[in-house]
file my_file-v8.cif (mmCIF, C-alpha atoms and all ligand atoms)
data_start
loop_
_atom_site.label_atom_id
_atom_site.label_comp_id
_atom_site.auth_asym_id
_atom_site.auth_seq_id
_atom_site.Cartn_x
_atom_site.Cartn_y
_atom_site.Cartn_z
CA MET A 1459 107.84 101.46 97.29
CA LEU A 1460 107.11 103.86 94.46
CA GLY A 1461 104.30 106.40 94.35
CA ALA A 1462 103.49 110.09 94.10
CA PRO A 1463 103.42 112.30 97.20
CA GLY A 1464 100.16 111.47 98.98
CA ALA A 1465 99.83 107.99 97.46
CA GLY A 1466 100.03 106.50 100.96
CA LYS A 1467 103.63 105.27 100.82
CA GLY A 1468 104.41 106.23 104.43
CA THR A 1469 101.35 104.57 105.96
CA GLN A 1470 101.56 101.47 103.79
CA ALA A 1471 105.35 101.09 104.05
CA SER A 1472 105.11 101.26 107.82
CA ARG A 1473 102.41 98.53 107.88
CA LEU A 1474 104.32 96.38 105.42
CA ALA A 1475 107.50 96.69 107.45
CA SER A 1476 105.78 95.53 110.62
CA ASP A 1477 104.06 92.68 108.73
CA PHE A 1478 107.44 91.46 107.48
CA GLY A 1479 109.35 92.32 110.67
CA VAL A 1480 111.88 94.57 108.92
CA PRO A 1481 112.67 98.30 109.38
CA HIS A 1482 110.70 100.98 107.56
CA VAL A 1483 113.30 103.24 105.94
CA SER A 1484 111.72 106.53 104.88
CA THR A 1485 114.19 109.05 103.50
CA GLY A 1486 111.71 111.90 104.09
CA ASP A 1487 111.34 110.87 107.76
CA MET A 1488 115.12 110.58 108.09
CA LEU A 1489 115.59 114.11 106.74
CA ARG A 1490 112.84 115.59 108.95
CA ASP A 1491 114.24 113.76 111.96
CA GLY A 1492 117.72 115.07 111.10
CA ILE A 1493 116.33 118.62 110.97
CA ARG A 1494 114.67 118.21 114.41
CA ARG A 1495 117.97 116.95 115.81
CA GLY A 1496 119.99 119.72 114.14
CA LEU A 1497 122.16 117.48 111.91
CA ALA A 1498 124.19 119.53 109.42
CA VAL A 1499 123.38 117.48 106.33
CA ALA A 1500 119.63 117.66 107.03
CA LEU A 1501 119.72 121.38 107.88
CA GLU A 1502 121.47 122.05 104.57
CA ALA A 1503 118.66 120.22 102.78
CA ARG A 1504 115.92 122.09 104.63
CA ALA A 1505 115.29 124.91 102.16
CA THR A 1506 115.19 122.43 99.27
CA ILE A 1507 112.64 120.25 101.10
CA ASP A 1508 110.48 123.26 102.01
CA ARG A 1509 110.37 124.29 98.34
CA GLY A 1510 109.20 120.78 97.36
CA GLU A 1511 112.35 120.10 95.32
CA LEU A 1512 114.61 117.07 95.48
CA VAL A 1513 117.71 116.91 97.64
CA ASP A 1514 120.77 116.12 95.52
CA ASP A 1515 121.42 112.51 94.54
CA ALA A 1516 124.87 112.23 96.16
CA THR A 1517 123.53 113.25 99.58
CA MET A 1518 120.54 110.90 99.37
CA ILE A 1519 122.59 107.95 98.13
CA ALA A 1520 125.07 108.43 101.00
CA ILE A 1521 122.23 108.59 103.57
CA VAL A 1522 120.63 105.40 102.26
CA GLN A 1523 123.91 103.56 101.89
CA GLU A 1524 124.77 104.29 105.51
CA ARG A 1525 121.28 103.22 106.68
CA LEU A 1526 121.31 99.94 104.73
CA ALA A 1527 124.72 99.05 106.15
CA ARG A 1528 123.31 98.88 109.69
CA ASP A 1529 122.75 95.49 111.31
CA ASP A 1530 118.96 95.74 111.48
CA ALA A 1531 118.78 96.07 107.67
CA ARG A 1532 120.38 92.69 107.01
CA ARG A 1533 117.10 90.83 106.53
CA GLY A 1534 115.78 93.57 104.27
CA VAL A 1535 113.93 96.86 104.67
CA VAL A 1536 110.91 98.59 103.22
CA LEU A 1537 112.30 101.60 101.37
CA ASP A 1538 109.91 104.55 101.17
CA GLY A 1539 110.80 107.70 99.23
CA PHE A 1540 113.97 106.28 97.70
CA PRO A 1541 114.89 106.02 94.88
CA ARG A 1542 113.33 109.15 93.43
CA THR A 1543 115.53 109.58 90.34
CA VAL A 1544 116.98 107.19 87.78
CA SER A 1545 120.43 107.96 89.09
CA GLN A 1546 119.37 106.94 92.64
CA ALA A 1547 117.84 103.75 91.20
CA ARG A 1548 121.11 102.90 89.46
CA ALA A 1549 123.01 103.49 92.71
CA LEU A 1550 120.57 101.23 94.57
CA ASP A 1551 121.01 98.47 91.97
CA ALA A 1552 124.79 98.76 92.34
CA LEU A 1553 124.49 98.67 96.13
CA ALA A 1554 122.21 95.63 96.05
CA GLU A 1555 124.70 93.83 93.85
CA THR A 1556 127.90 94.65 95.72
CA ASP A 1557 126.37 94.14 99.16
CA ASP A 1558 124.68 90.92 98.11
CA MET A 1559 121.37 92.31 99.31
CA GLY A 1560 119.26 90.05 97.16
CA ALA A 1561 116.79 91.13 94.49
CA LEU A 1562 114.90 94.35 94.83
CA VAL A 1563 111.11 94.09 94.89
CA VAL A 1564 109.46 97.25 93.54
CA VAL A 1565 105.80 98.07 94.05
CA GLU A 1566 104.11 101.16 92.67
CA LEU A 1567 101.13 102.63 94.53
CA ASN A 1568 98.78 104.23 92.00
CA VAL A 1569 96.45 107.06 93.01
CA PRO A 1570 94.71 109.61 90.70
CA ALA A 1571 96.11 113.18 90.82
CA GLY A 1572 92.88 114.75 92.19
CA VAL A 1573 92.87 112.36 95.16
CA LEU A 1574 96.56 113.11 95.88
CA ILE A 1575 95.96 116.86 96.22
CA GLU A 1576 92.96 116.30 98.50
CA ARG A 1577 94.94 113.91 100.72
CA LEU A 1578 98.04 116.12 100.93
CA THR A 1579 96.18 119.31 101.84
CA SER A 1580 94.27 117.54 104.62
CA ARG A 1581 97.06 115.50 106.20
CA ARG A 1582 98.84 116.43 109.43
CA VAL A 1583 101.96 115.18 111.20
CA CYS A 1584 102.92 115.12 114.87
CA ALA A 1585 105.26 117.95 115.90
CA ASP A 1586 106.90 115.67 118.49
CA CYS A 1587 107.29 112.20 116.96
CA GLY A 1588 106.83 113.07 113.27
CA ARG A 1589 104.22 110.37 112.61
CA GLY A 1590 101.62 111.11 109.95
CA GLN A 1591 97.99 111.10 111.07
CA GLU A 1592 94.94 110.16 109.05
CA PRO A 1593 91.43 111.49 109.42
CA PRO A 1594 89.51 111.20 111.79
CA ALA A 1595 92.53 111.52 114.15
CA VAL A 1596 93.42 114.82 112.42
CA ALA A 1597 90.22 116.44 113.74
CA THR A 1598 91.34 115.92 117.37
CA GLY A 1599 94.52 117.93 116.70
CA LEU A 1600 96.52 115.42 118.76
CA CYS A 1601 98.84 112.56 117.81
CA GLN A 1602 97.23 109.14 118.38
CA GLN A 1603 100.62 107.64 119.27
CA CYS A 1604 102.23 110.17 121.62
CA GLY A 1605 99.64 112.91 122.25
CA GLY A 1606 101.83 115.57 120.56
CA ARG A 1607 100.40 118.54 118.66
CA LEU A 1608 99.54 118.02 114.98
CA LEU A 1609 100.94 120.38 112.37
CA GLN A 1610 100.74 120.74 108.62
CA ARG A 1611 104.05 119.90 106.96
CA GLN A 1612 105.68 122.99 105.46
CA ASP A 1613 105.73 121.16 102.12
CA ASP A 1614 102.03 120.17 102.33
CA ARG A 1615 100.92 123.72 101.47
CA GLU A 1616 99.10 123.99 98.18
CA ASP A 1617 101.77 125.80 96.12
CA VAL A 1618 104.48 123.42 97.35
CA ILE A 1619 102.25 120.40 96.70
CA ARG A 1620 101.92 121.45 93.05
CA GLU A 1621 105.71 121.68 92.80
CA ARG A 1622 106.17 118.24 94.43
CA LEU A 1623 103.69 116.64 92.04
CA ALA A 1624 105.47 118.28 89.09
CA VAL A 1625 108.83 117.05 90.40
CA TYR A 1626 107.35 113.57 90.74
CA GLU A 1627 106.18 113.57 87.11
CA ARG A 1628 109.51 114.91 85.88
CA SER A 1629 112.04 112.98 87.97
CA THR A 1630 110.39 110.00 89.65
CA ARG A 1631 107.72 108.76 87.22
CA PRO A 1632 110.49 107.65 84.76
CA LEU A 1633 111.43 105.04 87.38
CA VAL A 1634 108.28 103.11 86.49
CA ASN A 1635 109.75 102.52 83.03
CA TYR A 1636 113.14 101.79 84.57
CA TYR A 1637 111.66 98.93 86.66
CA ARG A 1638 108.62 97.83 84.63
CA GLY A 1639 110.29 95.06 82.66
CA ARG A 1640 111.50 93.23 85.77
CA PRO A 1641 109.74 90.15 87.15
CA THR A 1642 110.03 91.79 90.58
CA PHE A 1643 107.94 94.86 89.66
CA GLY A 1644 104.22 95.21 90.39
CA ALA A 1645 101.56 97.89 90.87
CA VAL A 1646 98.72 98.22 93.39
CA ASN A 1647 95.68 100.50 93.24
CA GLY A 1648 96.23 102.89 96.16
CA ASP A 1649 92.79 104.51 95.79
CA GLN A 1650 90.98 101.93 97.93
CA PRO A 1651 90.29 101.59 101.67
CA LEU A 1652 93.52 101.47 103.68
CA ALA A 1653 93.08 97.84 104.77
CA THR A 1654 92.42 96.69 101.20
CA VAL A 1655 95.57 98.41 99.93
CA SER A 1656 97.59 96.82 102.77
CA ARG A 1657 96.24 93.37 101.96
CA GLU A 1658 96.94 93.70 98.24
CA LEU A 1659 100.41 95.09 98.87
CA GLN A 1660 101.31 92.27 101.19
CA ARG A 1661 100.10 89.68 98.70
CA MET A 1662 101.95 91.42 95.86
CA VAL A 1663 105.23 91.63 97.79
CA ARG A 1664 105.04 87.94 98.73
CA SER A 1665 104.43 86.93 95.16
CA LEU A 1666 107.16 89.21 93.76
CA SER A 1667 109.60 87.95 96.39
CA GLY A 1668 108.89 84.46 95.05
CA ASN A 1669 109.88 85.73 91.59
CA ALA A 1670 112.97 87.31 93.15
CA ALA A 1671 113.96 83.94 94.60
CA LEU A 1672 113.60 82.38 91.13
CA VAL A 1673 115.72 85.16 89.61
CA GLY A 1674 118.32 84.61 92.34
CA ALA A 1675 118.35 80.90 91.56
CA GLY A 1676 118.96 81.68 87.90
CA VAL A 1677 115.58 80.25 86.76
P1 LIG B 1 108.70 112.57 101.62
O1 LIG B 1 108.42 112.56 103.08
O2 LIG B 1 109.11 111.22 101.09
O3 LIG B 1 107.59 113.21 100.82
O4 LIG B 1 110.00 113.51 101.41
C1 LIG B 1 109.96 114.88 101.76
C2 LIG B 1 111.03 115.63 101.01
O5 LIG B 1 112.33 115.12 101.35
C3 LIG B 1 110.97 115.53 99.49
O6 LIG B 1 110.02 116.43 98.92
C4 LIG B 1 112.41 115.87 99.12
O7 LIG B 1 112.65 117.25 99.24
C5 LIG B 1 113.19 115.17 100.22
N1 LIG B 1 113.52 113.77 99.83
C6 LIG B 1 113.13 112.61 100.45
N2 LIG B 1 113.62 111.53 99.82
C7 LIG B 1 114.36 111.99 98.78
C8 LIG B 1 115.11 111.37 97.73
N3 LIG B 1 115.19 110.02 97.64
N4 LIG B 1 115.72 112.18 96.84
C9 LIG B 1 115.65 113.52 96.93
N5 LIG B 1 114.95 114.17 97.86
C10 LIG B 1 114.30 113.42 98.80
#
call {"tool": "encode", "arguments": {"input": "my_file-v8.cif", "output": "structure tokens"}}
result
Amino acid sequence: MLGAPGAGKGTQASRLASDFGVPHVSTGDMLRDGIRRGLAVALEARATIDRGELVDDATMIAIVQERLARDDARRGVVLDGFPRTVSQARALDALAETDDMGALVVVELNVPAGVLIERLTSRRVCADCGRGQEPPAVATGLCQQCGGRLLQRQDDREDVIRERLAVYERSTRPLVNYYRGRPTFGAVNGDQPLATVSRELQRMVRSLSGNAALVGAGV
């Protein structure tokens, strides 16, 4: 799933994954979880994440490669936050080919820049389980899933948000051109009610997967 920070990738990828019965693989969540658990590779990336910059490609590719090799990823996954650079996209294509993963379905979530900033400054995540919370849950200050305390992500502060949006334009937006010509690429308007976006995404992924099957069959 492609989209700027705040486009709703996390929420929508999580819903899509449960709809399709496959794991939700969020590289941002994996890094934050690694930091909470004190893993060296995640701790090394911490300062970069807090500045809103991208962690280096080699580290991210290794993390994703290891995750996709696990048993539960065999039937597919919803990838959220990866790839973020053309070099990561090339690595993912190579991985899909060598591991016989099947065709990649790519969906872009489109949301205007003004809406992104508003969403990012108001969102909160649970300090205990790391799940993102939407308004009106945010107003209670407590996680709807586990009752933990809600915090603002270090990288959801206004100056860092500006950097993340700039990084998205510079490094990740070019991926739209990288994928656009494929029959397995589609875009959904992410500036609609949550349930509408979910419905459109699900329909889009089903239809693109049909195209993927045709590509796989050499049609
Ligand atoms: P996210 O939760 O997807 O917004 O990711 C939070 C932060 O983790 C990003 O701002 C990056 O610093 C880092 N990160 C996550 N995924 C990647 C990736 N594929 N490539 C580089 N950095 C990443």
call {"tool": "residues_around", "arguments": {"input": "my_file-v8.cif", "residues": "Ala1527 in chain A", "least_positions_apart": "5", "cutoff": "10 Å", "atoms": "only C-alpha atoms", "output": "PyMOL selection string"}}
result
chain A and resi 1522+1532+1557
call {"tool": "closest_residue", "arguments": {"input": "my_file-v8.cif", "among": "A:Ala1585, A:Ile1575, A:Val1655, A:Leu1623", "to": "ligand LIG 1 (chain B)", "atoms": "all atoms listed in the file"}}
result
A:Leu1623
call {"tool": "closest_residue", "arguments": {"input": "my_file-v8.cif", "among": "A:Arg1542, A:Ala1516, A:Lys1467, A:His1482", "to": "Glu1627 in chain A", "atoms": "all atoms listed in the file"}}
result
A:Arg1542
call {"tool": "closest_atom_pairs", "arguments": {"input": "my_file-v8.cif", "of": "chain A", "to": "ligand LIG 1 (chain B)", "cutoff": "8 Å", "atoms": "only C-alpha atoms and all ligand atoms", "output": "Markdown table"}}
result
| residue | atom | partner | partner_atom | distance |
| --- | --- | --- | --- | --- |
| A:Pro1463 | CA | B:LIG1 | O3 | 5.6 |
| A:Gly1464 | CA | B:LIG1 | O3 | 7.8 |
| A:Gly1468 | CA | B:LIG1 | O1 | 7.6 |
| A:Ser1484 | CA | B:LIG1 | O2 | 6.6 |
| A:Thr1485 | CA | B:LIG1 | N2 | 4.5 |
| A:Gly1486 | CA | B:LIG1 | O1 | 3.5 |
| A:Asp1487 | CA | B:LIG1 | O1 | 5.8 |
| A:Leu1489 | CA | B:LIG1 | O5 | 6.4 |
| A:Arg1490 | CA | B:LIG1 | O5 | 7.6 |
| A:Ala1503 | CA | B:LIG1 | O7 | 7.6 |
| A:Arg1504 | CA | B:LIG1 | O7 | 7.9 |
| A:Thr1506 | CA | B:LIG1 | O7 | 5.8 |
| A:Ile1507 | CA | B:LIG1 | O7 | 3.5 |
| A:Asp1508 | CA | B:LIG1 | O7 | 7.0 |
| A:Arg1509 | CA | B:LIG1 | O7 | 7.5 |
| A:Gly1510 | CA | B:LIG1 | O6 | 4.7 |
| A:Glu1511 | CA | B:LIG1 | O7 | 4.9 |
| A:Leu1512 | CA | B:LIG1 | N5 | 3.8 |
| A:Val1513 | CA | B:LIG1 | N5 | 3.9 |
| A:Asp1514 | CA | B:LIG1 | C9 | 5.9 |
| A:Asp1515 | CA | B:LIG1 | N4 | 6.2 |
| A:Met1518 | CA | B:LIG1 | N4 | 5.6 |
| A:Ile1519 | CA | B:LIG1 | N3 | 7.7 |
| A:Asp1538 | CA | B:LIG1 | O2 | 6.7 |
| A:Gly1539 | CA | B:LIG1 | O2 | 4.3 |
| A:Phe1540 | CA | B:LIG1 | N3 | 3.9 |
| A:Pro1541 | CA | B:LIG1 | N3 | 4.9 |
| A:Arg1542 | CA | B:LIG1 | N3 | 4.7 |
| A:Thr1543 | CA | B:LIG1 | N4 | 7.0 |
| A:Gln1546 | CA | B:LIG1 | N3 | 7.2 |
| A:Asp1613 | CA | B:LIG1 | O6 | 7.1 |
| A:Arg1622 | CA | B:LIG1 | O6 | 6.2 |
call {"tool": "atom_distance", "arguments": {"input": "my_file-v8.cif", "atom1": "CA of Ser1656 in chain A", "atom2": "CA of Gln1602 in chain A"}}
result
19.9 Å
call {"tool": "atom_distance", "arguments": {"input": "my_file-v8.cif", "atom1": "CA of Ala1653 in chain A", "atom2": "CA of Leu1474 in chain A"}}
result
11.4 Å
call {"tool": "residues_near_point", "arguments": {"input": "my_file-v8.cif", "point": "(96.4, 110.5, 107.9)", "cutoff": "10 Å", "atoms": "all atoms listed in the file", "output": "ChimeraX atom specification"}}
result
/A:1464,1466,1468-1469,1577-1578,1580-1583,1589-1596
call {"tool": "closest_residue", "arguments": {"input": "my_file-v8.cif", "among": "A:Ala1624, A:Ala1505, A:Leu1633, A:Val1646", "to": "Arg1661 in chain A", "atoms": "all atoms listed in the file"}}
result
A:Val1646
call {"tool": "closest_residue", "arguments": {"input": "my_file-v8.cif", "among": "A:Thr1598, A:Gln1603, A:Gln1660, A:Thr1579", "to": "Arg1620 in chain A", "atoms": "all atoms listed in the file"}}
result
A:Thr1579
call {"tool": "axis_aligned_box", "arguments": {"input": "my_file-v8.cif", "around": "range 1649-1666 of chain A", "padding_each_side": "8 Å", "output": "AutoDock Vina command-line options"}}
result
--center_x 98.7 --center_y 95.7 --center_z 99.3 --size_x 32.9 --size_y 33.6 --size_z 27.0
call {"tool": "closest_residue", "arguments": {"input": "my_file-v8.cif", "among": "A:Leu1501, A:Cys1604, A:Met1662, A:Val1573", "to": "Gly1588 in chain A", "atoms": "all atoms listed in the file"}}
result
A:Cys1604
call {"tool": "residues_around", "arguments": {"input": "my_file-v8.cif", "residues": "Gly1560 in chain A", "least_positions_apart": "4", "cutoff": "9 Å", "atoms": "only C-alpha atoms", "output": "ChimeraX atom specification"}}
result
/A:1534,1554-1555,1670-1671,1674
call {"tool": "residues_near_point", "arguments": {"input": "my_file-v8.cif", "point": "(103.0, 99.4, 93.8)", "cutoff": "10 Å", "atoms": "only C-alpha atoms", "output": "list in words"}}
result
Met1459, Leu1460, Gly1461, Ala1465, Lys1467, Val1563, Val1564, Val1565, Glu1566, Leu1567, Asn1568, Val1634, Phe1643, Gly1644, Ala1645, Val1646, Asn1647, Gly1648, Val1655, Glu1658, Leu1659, Met1662 and Val1663 of chain A
call {"tool": "write_last_selection", "arguments": {"input": "my_file-v8.cif", "atoms": "C-alpha atoms", "output": "PDB file, in the coordinates of the input"}}
result
ATOM      1  CA  MET A1459     107.840 101.460  97.290  1.00  0.00           C
ATOM      2  CA  LEU A1460     107.110 103.860  94.460  1.00  0.00           C
ATOM      3  CA  GLY A1461     104.300 106.400  94.350  1.00  0.00           C
ATOM      4  CA  ALA A1465      99.830 107.990  97.460  1.00  0.00           C
ATOM      5  CA  LYS A1467     103.630 105.270 100.820  1.00  0.00           C
ATOM      6  CA  VAL A1563     111.110  94.090  94.890  1.00  0.00           C
ATOM      7  CA  VAL A1564     109.460  97.250  93.540  1.00  0.00           C
ATOM      8  CA  VAL A1565     105.800  98.070  94.050  1.00  0.00           C
ATOM      9  CA  GLU A1566     104.110 101.160  92.670  1.00  0.00           C
ATOM     10  CA  LEU A1567     101.130 102.630  94.530  1.00  0.00           C
ATOM     11  CA  ASN A1568      98.780 104.230  92.000  1.00  0.00           C
ATOM     12  CA  VAL A1634     108.280 103.110  86.490  1.00  0.00           C
ATOM     13  CA  PHE A1643     107.940  94.860  89.660  1.00  0.00           C
ATOM     14  CA  GLY A1644     104.220  95.210  90.390  1.00  0.00           C
ATOM     15  CA  ALA A1645     101.560  97.890  90.870  1.00  0.00           C
ATOM     16  CA  VAL A1646      98.720  98.220  93.390  1.00  0.00           C
ATOM     17  CA  ASN A1647      95.680 100.500  93.240  1.00  0.00           C
ATOM     18  CA  GLY A1648      96.230 102.890  96.160  1.00  0.00           C
ATOM     19  CA  VAL A1655      95.570  98.410  99.930  1.00  0.00           C
ATOM     20  CA  GLU A1658      96.940  93.700  98.240  1.00  0.00           C
ATOM     21  CA  LEU A1659     100.410  95.090  98.870  1.00  0.00           C
ATOM     22  CA  MET A1662     101.950  91.420  95.860  1.00  0.00           C
ATOM     23  CA  VAL A1663     105.230  91.630  97.790  1.00  0.00           C
TER      24      VAL A1663
END
call {"tool": "closest_residue", "arguments": {"input": "my_file-v8.cif", "among": "A:Gly1668, A:Gly1606, A:Pro1481, A:Pro1632", "to": "Val1535 in chain A", "atoms": "all atoms listed in the file"}}
result
A:Pro1481
call {"tool": "atom_distance", "arguments": {"input": "my_file-v8.cif", "atom1": "CA of Ala1561 in chain A", "atom2": "CA of Pro1641 in chain A"}}
result
10.2 Å
